[in-house]
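Reproduced below: entry23.cif, with mmCIF, N, CA and C atoms.
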```cif
data_work
loop_
_atom_site.label_atom_id
_atom_site.label_comp_id
_atom_site.auth_asym_id
_atom_site.auth_seq_id
_atom_site.Cartn_x
_atom_site.Cartn_y
_atom_site.Cartn_z
N MET O 1 66.93 72.72 352.87
CA MET O 1 68.32 73.12 352.92
C MET O 1 68.40 74.64 352.78
N SER O 2 69.14 75.29 353.64
CA SER O 2 69.25 76.75 353.58
C SER O 2 70.39 77.16 352.66
N SER O 3 70.24 78.34 352.08
CA SER O 3 71.30 78.84 351.21
C SER O 3 72.41 79.45 352.06
N PRO O 4 73.63 79.43 351.55
CA PRO O 4 74.75 79.94 352.33
C PRO O 4 74.62 81.44 352.57
N THR O 5 75.12 81.88 353.69
CA THR O 5 75.12 83.30 354.01
C THR O 5 76.36 83.94 353.40
N ILE O 6 76.15 85.04 352.72
CA ILE O 6 77.26 85.77 352.13
C ILE O 6 77.51 87.00 352.99
N THR O 7 78.71 87.08 353.49
CA THR O 7 79.09 88.22 354.31
C THR O 7 79.87 89.19 353.45
N THR O 8 79.44 90.43 353.44
CA THR O 8 80.16 91.43 352.67
C THR O 8 80.91 92.36 353.62
N VAL O 9 82.07 92.76 353.18
CA VAL O 9 82.89 93.69 353.94
C VAL O 9 83.29 94.79 352.98
N SER O 10 83.03 96.01 353.34
CA SER O 10 83.38 97.15 352.50
C SER O 10 84.71 97.74 352.94
N ILE O 11 85.28 98.54 352.05
CA ILE O 11 86.48 99.28 352.44
C ILE O 11 86.06 100.23 353.55
N PRO O 12 86.76 100.21 354.65
CA PRO O 12 86.36 101.07 355.76
C PRO O 12 86.49 102.55 355.41
N ASP O 13 85.59 103.34 355.97
CA ASP O 13 85.74 104.79 355.84
C ASP O 13 86.97 105.18 356.65
N GLY O 14 87.83 105.87 356.03
CA GLY O 14 89.04 106.28 356.74
C GLY O 14 89.93 107.06 355.80
N LYS O 15 91.05 107.46 356.33
CA LYS O 15 92.03 108.20 355.54
C LYS O 15 92.75 107.25 354.60
N ASP O 16 93.19 107.77 353.46
CA ASP O 16 93.90 106.94 352.50
C ASP O 16 95.14 106.29 353.08
N GLU O 17 95.74 106.90 354.09
CA GLU O 17 96.98 106.35 354.65
C GLU O 17 96.73 105.35 355.78
N ASP O 18 95.47 105.10 356.15
CA ASP O 18 95.17 104.12 357.19
C ASP O 18 95.52 102.71 356.69
N PHE O 19 96.03 101.88 357.60
CA PHE O 19 96.49 100.54 357.24
C PHE O 19 95.35 99.52 357.21
N LEU O 20 95.52 98.51 356.35
CA LEU O 20 94.67 97.33 356.31
C LEU O 20 95.58 96.11 356.32
N THR O 21 95.15 95.06 357.02
CA THR O 21 95.93 93.82 357.06
C THR O 21 95.58 92.95 355.87
N LEU O 22 96.38 91.94 355.66
CA LEU O 22 96.13 90.97 354.60
C LEU O 22 94.76 90.33 354.77
N THR O 23 94.41 89.97 355.98
CA THR O 23 93.12 89.34 356.26
C THR O 23 91.96 90.28 355.97
N GLU O 24 92.11 91.54 356.33
CA GLU O 24 91.05 92.52 356.05
C GLU O 24 90.86 92.71 354.55
N VAL O 25 91.95 92.80 353.81
CA VAL O 25 91.86 92.97 352.36
C VAL O 25 91.22 91.74 351.72
N ALA O 26 91.59 90.55 352.18
CA ALA O 26 91.00 89.31 351.65
C ALA O 26 89.48 89.32 351.83
N ALA O 27 89.01 89.78 352.98
CA ALA O 27 87.57 89.84 353.22
C ALA O 27 86.91 90.87 352.31
N ILE O 28 87.57 91.99 352.09
CA ILE O 28 87.00 93.05 351.25
C ILE O 28 86.88 92.60 349.80
N VAL O 29 87.92 91.98 349.26
CA VAL O 29 87.89 91.59 347.85
C VAL O 29 87.38 90.16 347.64
N ARG O 30 87.03 89.51 348.74
CA ARG O 30 86.40 88.18 348.73
C ARG O 30 87.26 87.12 348.05
N VAL O 31 88.52 87.08 348.44
CA VAL O 31 89.42 86.03 347.98
C VAL O 31 90.15 85.48 349.20
N PRO O 32 90.63 84.24 349.12
CA PRO O 32 91.41 83.70 350.24
C PRO O 32 92.71 84.48 350.46
N VAL O 33 93.17 84.49 351.68
CA VAL O 33 94.44 85.15 352.02
C VAL O 33 95.56 84.61 351.15
N ASN O 34 95.58 83.31 350.92
CA ASN O 34 96.66 82.73 350.10
C ASN O 34 96.63 83.22 348.67
N THR O 35 95.45 83.57 348.15
CA THR O 35 95.37 84.17 346.81
C THR O 35 96.06 85.52 346.81
N LEU O 36 95.84 86.33 347.84
CA LEU O 36 96.53 87.62 347.94
C LEU O 36 98.03 87.42 348.05
N ARG O 37 98.45 86.41 348.80
CA ARG O 37 99.89 86.12 348.91
C ARG O 37 100.46 85.75 347.54
N TRP O 38 99.72 84.95 346.78
CA TRP O 38 100.17 84.53 345.45
C TRP O 38 100.24 85.73 344.52
N TRP O 39 99.19 86.57 344.52
CA TRP O 39 99.20 87.77 343.68
C TRP O 39 100.41 88.64 344.01
N ARG O 40 100.69 88.77 345.29
CA ARG O 40 101.84 89.59 345.71
C ARG O 40 103.14 88.98 345.19
N GLN O 41 103.26 87.66 345.28
CA GLN O 41 104.46 86.96 344.79
C GLN O 41 104.63 87.19 343.28
N CYS O 42 103.53 87.23 342.54
CA CYS O 42 103.55 87.40 341.09
C CYS O 42 103.64 88.87 340.67
N GLY O 43 103.53 89.78 341.64
CA GLY O 43 103.56 91.20 341.31
C GLY O 43 102.20 91.76 340.96
N ASP O 44 101.14 91.02 341.23
CA ASP O 44 99.77 91.46 340.98
C ASP O 44 99.14 91.84 342.32
N GLY O 45 97.91 92.26 342.27
CA GLY O 45 97.19 92.55 343.50
C GLY O 45 97.57 93.90 344.07
N PRO O 46 96.94 94.26 345.16
CA PRO O 46 97.24 95.54 345.79
C PRO O 46 98.68 95.58 346.29
N ARG O 47 99.22 96.76 346.41
CA ARG O 47 100.58 96.93 346.89
C ARG O 47 100.62 96.70 348.40
N PHE O 48 101.43 95.76 348.84
CA PHE O 48 101.62 95.48 350.26
C PHE O 48 103.04 95.83 350.65
N PHE O 49 103.24 96.08 351.92
CA PHE O 49 104.57 96.33 352.46
C PHE O 49 104.62 95.71 353.85
N LYS O 50 105.81 95.54 354.36
CA LYS O 50 105.97 94.91 355.67
C LYS O 50 106.34 95.94 356.72
N ILE O 51 105.72 95.77 357.86
CA ILE O 51 106.17 96.43 359.08
C ILE O 51 106.42 95.28 360.05
N GLY O 52 107.69 95.06 360.33
CA GLY O 52 108.05 93.87 361.11
C GLY O 52 107.69 92.63 360.31
N ARG O 53 106.88 91.77 360.89
CA ARG O 53 106.46 90.54 360.22
C ARG O 53 105.08 90.66 359.60
N HIS O 54 104.50 91.84 359.65
CA HIS O 54 103.13 92.03 359.20
C HIS O 54 103.06 92.63 357.80
N LEU O 55 102.23 92.02 356.94
CA LEU O 55 101.98 92.57 355.61
C LEU O 55 100.81 93.53 355.72
N LEU O 56 101.00 94.74 355.22
CA LEU O 56 99.98 95.77 355.29
C LEU O 56 99.85 96.47 353.95
N THR O 57 98.71 97.07 353.73
CA THR O 57 98.51 98.01 352.63
C THR O 57 97.76 99.19 353.21
N THR O 58 97.50 100.18 352.40
CA THR O 58 96.73 101.32 352.87
C THR O 58 95.37 101.33 352.18
N ILE O 59 94.43 102.00 352.79
CA ILE O 59 93.10 102.14 352.18
C ILE O 59 93.24 102.77 350.80
N GLY O 60 94.09 103.78 350.69
CA GLY O 60 94.29 104.45 349.41
C GLY O 60 94.85 103.53 348.34
N ASP O 61 95.84 102.69 348.71
CA ASP O 61 96.41 101.75 347.74
C ASP O 61 95.38 100.71 347.31
N LEU O 62 94.55 100.26 348.25
CA LEU O 62 93.53 99.29 347.88
C LEU O 62 92.49 99.91 346.96
N ARG O 63 92.06 101.13 347.26
CA ARG O 63 91.10 101.81 346.38
C ARG O 63 91.67 101.99 344.98
N THR O 64 92.93 102.39 344.91
CA THR O 64 93.59 102.57 343.61
C THR O 64 93.63 101.27 342.83
N TRP O 65 94.01 100.18 343.50
CA TRP O 65 94.09 98.88 342.82
C TRP O 65 92.71 98.43 342.33
N ILE O 66 91.67 98.60 343.16
CA ILE O 66 90.32 98.21 342.75
C ILE O 66 89.89 99.04 341.54
N ASN O 67 90.14 100.34 341.55
CA ASN O 67 89.79 101.18 340.40
C ASN O 67 90.55 100.78 339.15
N ASP O 68 91.83 100.43 339.30
CA ASP O 68 92.62 99.94 338.16
C ASP O 68 92.01 98.66 337.60
N GLN O 69 91.56 97.77 338.47
CA GLN O 69 90.95 96.52 338.02
C GLN O 69 89.66 96.80 337.26
N LYS O 70 88.86 97.74 337.77
CA LYS O 70 87.60 98.10 337.09
C LYS O 70 87.90 98.71 335.73
N ASN O 71 88.87 99.60 335.66
CA ASN O 71 89.21 100.25 334.39
C ASN O 71 89.77 99.25 333.39
N HIS O 72 90.62 98.34 333.85
CA HIS O 72 91.18 97.32 332.97
C HIS O 72 90.08 96.40 332.45
N SER O 73 89.16 96.03 333.32
CA SER O 73 88.05 95.14 332.94
C SER O 73 87.16 95.82 331.90
N GLN O 74 86.93 97.11 332.02
CA GLN O 74 86.09 97.83 331.08
C GLN O 74 86.73 97.87 329.70
N HIS O 75 88.07 98.00 329.65
CA HIS O 75 88.76 98.02 328.37
C HIS O 75 88.74 96.65 327.70
N VAL O 76 88.82 95.60 328.47
CA VAL O 76 88.82 94.24 327.93
C VAL O 76 87.41 93.87 327.47
N ASP O 77 86.39 94.21 328.28
CA ASP O 77 85.02 93.84 327.98
C ASP O 77 84.38 94.71 326.91
N GLY O 78 84.74 95.94 326.83
CA GLY O 78 84.00 96.85 325.97
C GLY O 78 84.79 97.45 324.91
#
```

Structure re-expressed in structure tokens:
Amino acid sequence: MSSPTITTVSIPDGKDEDFLTLTEVAAIVRVPVNTLRWWRQCGDGPRFFKIGRHLLTTIGDLRTWINDQKNHSQHVDG
């Protein structure tokens, strides 16, 4: 039996104001799209906004949210 393949997706190199879709962010943080939708509904997760019917965030907002998560985790753990 073979072990499952883990696909990693990094935050793309780009300007902080470049857009990312909900699906792209889900792949980067390795959670289902519906988890991101739930976090957004609860006021957690990266900041998203709508353009038309599309939920988007920026590379800068995602980086900020990830750093906030790391800093919060360090305070809780240490």

So that I can check the surroundings of Ile66 (chain O), please list as a count of residues only every protein, DNA and RNA residue that reaches within 7 Å of it, counting only N, CA and C atoms and ignoring chain neighbours fewer than 5 positions away. 3

Per DSSP on the backbone, filter region 38-68 of chain O down to the residues in strand (DSSP E or B) and report them as a PyMOL selection string. chain O and resi 49-51+54-58

In chain O, what's alpha helix (DSSP H) per DSSP? Answer as number ranges by chain? O: 22-29, 33-42, 59-77

Padded axis-aligned box of region 22-36 of chain O (3 Å per side), centre and edge lengths, Å, one decimal, as JSON:
```
{"center_x": 92.2, "center_y": 87.9, "center_z": 351.6, "size_x": 17.6, "size_y": 16.3, "size_z": 15.5}
```

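When you apply the PyMOL selection byres ((chain O and resi 17) around 5) to this structure, what comes back is Lys15, Asp16, Asp18, Phe19, Thr58 and Gly60 of chain O.
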
Near-Arg30 (chain O) list (12 Å; only C-alpha atoms; drop same-chain fewer than 2 positions) as an NGL selection string: :O and (6-11 or 22-28 or 32-36)

How many Å separate atom N of Gln69 (chain O) from atom C of Leu20 (chain O)? 18.4 Å

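Atom pair CA of Leu62 (chain O) / CA of Arg47 (chain O): separated by 7.5 Å.
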
Which distance in Å separates atom C of Arg40 (chain O) and CA of Ile59 (chain O), to one decimal?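 Separation of atom C of Arg40 (chain O) and CA of Ile59 (chain O): 18.0 Å.
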
Nearest residue to Trp65 (chain O) out of O:Cys42, O:Arg37, O:Val29, O:Gly14, using only C-alpha atoms?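 Closest to Trp65 (chain O) of all the choices is O:Val29.
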